[in-house]
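Below: my_file-v8.txt (compact mmCIF, C-alpha atoms)
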```
# COMPACT_ATOMS: atom_id res chain seq x y z
CA MET A 1 -11.51 -13.01 -5.97
CA LEU A 2 -8.86 -11.29 -3.90
CA HIS A 3 -10.07 -8.65 -1.44
CA ILE A 4 -7.55 -5.84 -1.14
CA ARG A 5 -7.67 -3.09 1.44
CA LEU A 6 -5.21 -0.27 0.89
CA ILE A 7 -4.67 1.80 4.03
CA ALA A 8 -2.93 5.09 3.37
CA LEU A 9 -2.20 8.13 5.49
CA GLY A 10 -3.44 11.41 4.06
CA ASN A 11 -5.49 11.98 0.93
CA LEU A 12 -4.82 12.72 -2.70
CA LYS A 13 -5.33 16.41 -3.38
CA GLU A 14 -4.05 16.67 -6.96
CA SER A 15 -6.45 15.65 -9.72
CA TYR A 16 -3.74 13.88 -11.73
CA TRP A 17 -2.99 11.47 -8.85
CA ARG A 18 -6.71 10.83 -8.35
CA ALA A 19 -7.10 10.16 -12.10
CA ALA A 20 -4.17 7.73 -12.15
CA LEU A 21 -5.48 5.94 -9.07
CA ALA A 22 -8.96 5.72 -10.62
CA GLU A 23 -7.47 4.11 -13.73
CA TYR A 24 -5.91 1.29 -11.71
CA GLU A 25 -9.03 0.92 -9.57
CA LYS A 26 -10.97 0.40 -12.82
CA ARG A 27 -8.42 -2.10 -14.16
CA LEU A 28 -8.37 -4.04 -10.90
CA ALA A 29 -12.17 -4.24 -10.68
CA THR A 30 -12.30 -7.45 -12.75
CA MET A 31 -9.55 -9.13 -10.71
CA ALA A 32 -9.99 -7.98 -7.14
CA LYS A 33 -12.30 -6.17 -4.78
CA LEU A 34 -10.42 -3.02 -3.82
CA GLU A 35 -11.13 -0.78 -0.86
CA ILE A 36 -9.07 2.31 -0.13
CA ILE A 37 -9.03 3.63 3.42
CA GLU A 38 -7.55 7.10 3.87
CA LEU A 39 -6.56 7.91 7.42
CA LYS A 40 -5.71 11.31 8.79
CA GLU A 41 -2.02 12.09 8.98
CA TYR A 42 -0.97 13.39 12.38
CA ARG A 43 0.06 17.06 12.16
CA LEU A 44 3.63 17.85 13.09
CA PRO A 45 5.49 21.16 13.44
CA GLU A 46 7.84 22.37 10.69
CA ASN A 47 10.95 20.76 12.24
CA PRO A 48 9.70 17.98 14.50
CA SER A 49 11.88 16.38 17.12
CA PRO A 50 12.40 12.60 17.12
CA ALA A 51 10.04 12.37 20.12
CA GLU A 52 7.32 14.29 18.24
CA ILE A 53 7.74 12.01 15.22
CA LYS A 54 7.49 8.90 17.41
CA THR A 55 4.31 10.27 19.04
CA ALA A 56 2.82 10.94 15.60
CA LEU A 57 3.69 7.47 14.31
CA ASP A 58 2.24 5.84 17.43
CA LYS A 59 -1.03 7.76 17.05
CA GLU A 60 -1.22 6.89 13.35
CA ALA A 61 -0.50 3.26 14.24
CA GLN A 62 -3.59 3.08 16.44
CA ALA A 63 -5.80 4.06 13.49
CA ILE A 64 -3.94 1.79 11.06
CA LEU A 65 -4.13 -1.27 13.30
CA ALA A 66 -7.83 -0.67 13.94
CA ALA A 67 -8.47 -0.62 10.16
CA ILE A 68 -6.88 -4.03 9.48
CA PRO A 69 -9.46 -6.82 9.05
CA SER A 70 -8.81 -9.74 11.41
CA ARG A 71 -8.14 -12.44 8.81
CA SER A 72 -6.18 -10.36 6.34
CA TYR A 73 -2.61 -10.90 5.20
CA VAL A 74 -0.81 -7.64 6.02
CA ALA A 75 1.94 -6.07 3.90
CA ALA A 76 3.54 -2.83 5.08
CA LEU A 77 5.53 -0.65 2.72
CA CYS A 78 8.73 0.44 4.41
CA VAL A 79 12.28 1.27 3.40
CA GLU A 80 13.76 -1.72 5.21
CA GLY A 81 11.36 -4.11 3.48
CA GLY A 82 12.34 -6.71 0.94
CA GLN A 83 11.95 -6.21 -2.78
CA LEU A 84 10.09 -8.67 -5.00
CA SER A 85 9.95 -9.05 -8.75
CA SER A 86 6.55 -8.89 -10.43
CA GLU A 87 6.60 -12.67 -10.76
CA GLU A 88 7.50 -13.14 -7.09
CA LEU A 89 4.69 -10.81 -6.04
CA SER A 90 2.36 -12.71 -8.33
CA ASP A 91 3.28 -15.96 -6.55
CA LYS A 92 2.77 -14.26 -3.17
CA LEU A 93 -0.68 -13.01 -4.23
CA SER A 94 -1.60 -16.50 -5.43
CA THR A 95 -0.72 -17.93 -2.02
CA ILE A 96 -2.68 -15.18 -0.24
CA MET A 97 -5.71 -15.85 -2.45
CA GLN A 98 -5.57 -19.56 -1.58
CA GLN A 99 -5.03 -19.05 2.14
CA SER A 100 -7.24 -16.14 3.20
CA GLY A 101 -8.30 -14.20 0.12
CA HIS A 102 -7.71 -10.93 1.97
CA LEU A 103 -4.73 -8.61 1.61
CA THR A 104 -4.13 -5.36 3.48
CA LEU A 105 -1.50 -3.02 2.05
CA ILE A 106 -0.26 -0.17 4.25
CA ILE A 107 1.40 3.06 3.13
CA GLY A 108 2.49 5.23 6.05
CA SER A 109 3.00 8.95 6.34
CA SER A 110 6.08 10.85 5.18
CA HIS A 111 7.83 9.74 8.39
CA GLY A 112 7.10 6.08 7.75
CA LEU A 113 5.36 3.59 10.01
CA SER A 114 5.45 2.81 13.70
CA ASP A 115 7.29 -0.32 14.76
CA SER A 116 3.97 -1.71 16.01
CA VAL A 117 2.55 -1.60 12.47
CA LYS A 118 5.68 -3.18 11.02
CA LYS A 119 5.49 -5.96 13.61
CA ALA A 120 1.84 -6.61 12.70
CA ALA A 121 2.79 -7.09 9.05
CA ALA A 122 3.49 -10.55 7.66
CA LEU A 123 5.44 -8.88 4.85
CA ARG A 124 7.57 -5.75 4.86
CA LEU A 125 7.78 -4.62 1.28
CA SER A 126 9.94 -2.04 -0.45
CA VAL A 127 9.03 -1.10 -4.01
CA SER A 128 12.43 0.49 -4.64
CA LYS A 129 15.51 1.83 -2.90
CA LEU A 130 14.51 5.20 -4.34
CA THR A 131 12.24 7.55 -2.43
CA PHE A 132 8.87 8.48 -3.95
CA PRO A 133 6.10 10.86 -2.90
CA HIS A 134 3.39 9.04 -0.99
CA GLN A 135 0.77 10.08 -3.53
CA MET A 136 2.80 8.47 -6.31
CA MET A 137 3.36 5.35 -4.19
CA ARG A 138 -0.36 4.63 -4.17
CA VAL A 139 -0.40 4.61 -7.95
CA LEU A 140 2.82 2.58 -8.20
CA LEU A 141 1.55 0.05 -5.69
CA LEU A 142 -1.78 -0.47 -7.46
CA GLU A 143 0.02 -0.75 -10.81
CA THR A 144 2.31 -3.37 -9.30
CA VAL A 145 -0.63 -5.34 -7.89
CA TYR A 146 -2.44 -5.08 -11.24
CA ARG A 147 0.66 -6.32 -13.07
CA SER A 148 1.05 -9.26 -10.67
CA LEU A 149 -2.62 -10.26 -10.94
CA SER A 150 -2.34 -9.97 -14.74
CA ILE A 151 0.51 -12.49 -14.62
CA LEU A 152 -1.68 -14.84 -12.57
CA GLN A 153 -4.54 -14.56 -15.03
CA GLY A 154 -2.36 -14.81 -18.12
CA ILE A 155 -3.31 -11.35 -19.35
CA LYS A 156 -0.76 -9.90 -21.77
CA TYR A 157 0.07 -6.80 -19.75
CA HIS A 158 3.38 -7.90 -18.24
CA LYS A 159 6.27 -8.30 -20.69
```

Take the structure in the file and write it out as structure tokens.
Amino acid sequence: MLHIRLIALGNLKESYWRAALAEYEKRLATMAKLEIIELKEYRLPENPSPAEIKTALDKEAQAILAAIPSRSYVAALCVEGGQLSSEELSDKLSTIMQQSGHLTLIIGSSHGLSDSVKKAAALRLSVSKLTFPHQMMRVLLLETVYRSLSILQGIKYHK
């Protein structure tokens, strides 16, 4: 069984995002062991300077890197990442399951991720060229993982 750790900055405040996330946690329970780690987002002023943003990302990176298990395959969501089809992600998950069995997915703050986190990732992944709220991205990412694991198991979810 695949062990998935989702590291995300901030928490879900709205009940509808929590409900959607809970639905995919429930669906994934038969296919993977899921752990969600919510880290505190560094507070920035209303109009932060580039230096303030870099400082925030570097501080967040320390917490992110400390939360990554040592033998885990790391995938960071970032705009410059590559895009995969559901079938390609399914193949990637199959390889990860065979090699280490542990996957860490990272969703950064609204300003993205520090270069140190991106460098620590074996895969830089972009779900879309569109921009989504970070709360929605958690749901989209878990749906995508569920879809890919369904393909692997031959479950008739993906069409």

### Task
Can you work out which one of A:Ser128, A:Gln135, A:Ser148, A:Gln153 has the shortest atom-to-atom distance to Gln83 in chain A, counting all atoms listed in the file?
A:Ser128

#### Entry: Selected residue, from A:Glu60, A:Tyr157, A:Arg124, A:Asp115, that lies nearest to Val74 in chain A when counting only C-alpha atoms
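Nearest to Val74 in chain A: A:Arg124.
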
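The gap separating CA of Arg147 in chain A from CA of Glu87 in chain A is 9.0 Å, in Å to one decimal.
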
Considering only C-alpha atoms, give me a table of residues in range 61-130 of chain A that are at most 9 Å from range 137-141 of chain A, with the closest atom pair and distance in Å for each, as a tab-separated table.
```
residue	atom	partner	partner_atom	distance
A:Leu105	CA	A:Leu141	CA	8.9
A:Ile107	CA	A:Arg138	CA	7.7
A:Val127	CA	A:Leu141	CA	7.8
```

Using the file's own x, y and z axes, so that the box edges lie along x, y and z, what centre and edge lengths in Å (one decimal) does a box around every listed atom of range 43-61 of chain A get when 6 Å is added on each side? Give it as lines of an AutoDock Vina configuration file.
```
center_x = 5.6
center_y = 12.8
center_z = 15.4
size_x = 25.6
size_y = 31.1
size_z = 21.4
```

### Query
Neighbours of Ser90 in chain A within 12 Å (all atoms listed in the file; same-chain residues fewer than 5 positions away dropped), as a ChimeraX atom specification?
/A:84-85,95-97,144-154,158

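Relative to CA of Lys40 in chain A, CA of Glu52 in chain A is found at 16.4 Å.
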
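With CA of Leu39 in chain A on one side and CA of Ser109 in chain A on the other, the separation reads 9.7 Å.
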
### Query
With all atoms listed in the file as the atoms that count, which of A:Leu77, A:Ile7, A:Met31, A:Ala22 lies nearest to Leu65 in chain A?
A:Ile7

Close residues, Lys59 in chain A itself excluded, 12 Å, only C-alpha atoms, min 3 positions apart in chain, as a tab-separated table (two decimals) with C-alpha atoms, keeping the file's coordinate frame:
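Result file around_3.tsv:
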```tsv
chain	number	residue	atom	x	y	z
A	9	LEU	CA	-2.20	8.13	5.49
A	39	LEU	CA	-6.56	7.91	7.42
A	40	LYS	CA	-5.71	11.31	8.79
A	41	GLU	CA	-2.02	12.09	8.98
A	42	TYR	CA	-0.97	13.39	12.38
A	43	ARG	CA	0.06	17.06	12.16
A	44	LEU	CA	3.63	17.85	13.09
A	52	GLU	CA	7.32	14.29	18.24
A	53	ILE	CA	7.74	12.01	15.22
A	54	LYS	CA	7.49	8.90	17.41
A	55	THR	CA	4.31	10.27	19.04
A	56	ALA	CA	2.82	10.94	15.60
A	62	GLN	CA	-3.59	3.08	16.44
A	63	ALA	CA	-5.80	4.06	13.49
A	64	ILE	CA	-3.94	1.79	11.06
A	65	LEU	CA	-4.13	-1.27	13.30
A	66	ALA	CA	-7.83	-0.67	13.94
A	108	GLY	CA	2.49	5.23	6.05
A	109	SER	CA	3.00	8.95	6.34
A	113	LEU	CA	5.36	3.59	10.01
A	114	SER	CA	5.45	2.81	13.70
A	115	ASP	CA	7.29	-0.32	14.76
A	116	SER	CA	3.97	-1.71	16.01
A	117	VAL	CA	2.55	-1.60	12.47
```

### Task
Pick out the closest residue to Lys119 in chain A from this set: A:Ala61, A:Leu103, A:Ala20, A:Ile36. Count only C-alpha atoms.
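Of A:Ala61, A:Leu103, A:Ala20, A:Ile36, the one nearest Lys119 in chain A is A:Ala61, counting only C-alpha atoms.
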
Using only C-alpha atoms, what residues lie at most 8 Å away from (-5.3, -5.7, 2.1) (file coordinates), given as a CSV table (one decimal) with C-alpha atoms, keeping the file's coordinate frame?
```csv
chain,number,residue,atom,x,y,z
A,3,HIS,CA,-10.1,-8.6,-1.4
A,4,ILE,CA,-7.6,-5.8,-1.1
A,5,ARG,CA,-7.7,-3.1,1.4
A,6,LEU,CA,-5.2,-0.3,0.9
A,7,ILE,CA,-4.7,1.8,4.0
A,68,ILE,CA,-6.9,-4.0,9.5
A,72,SER,CA,-6.2,-10.4,6.3
A,73,TYR,CA,-2.6,-10.9,5.2
A,74,VAL,CA,-0.8,-7.6,6.0
A,75,ALA,CA,1.9,-6.1,3.9
A,102,HIS,CA,-7.7,-10.9,2.0
A,103,LEU,CA,-4.7,-8.6,1.6
A,104,THR,CA,-4.1,-5.4,3.5
A,105,LEU,CA,-1.5,-3.0,2.0
A,106,ILE,CA,-0.3,-0.2,4.2
```
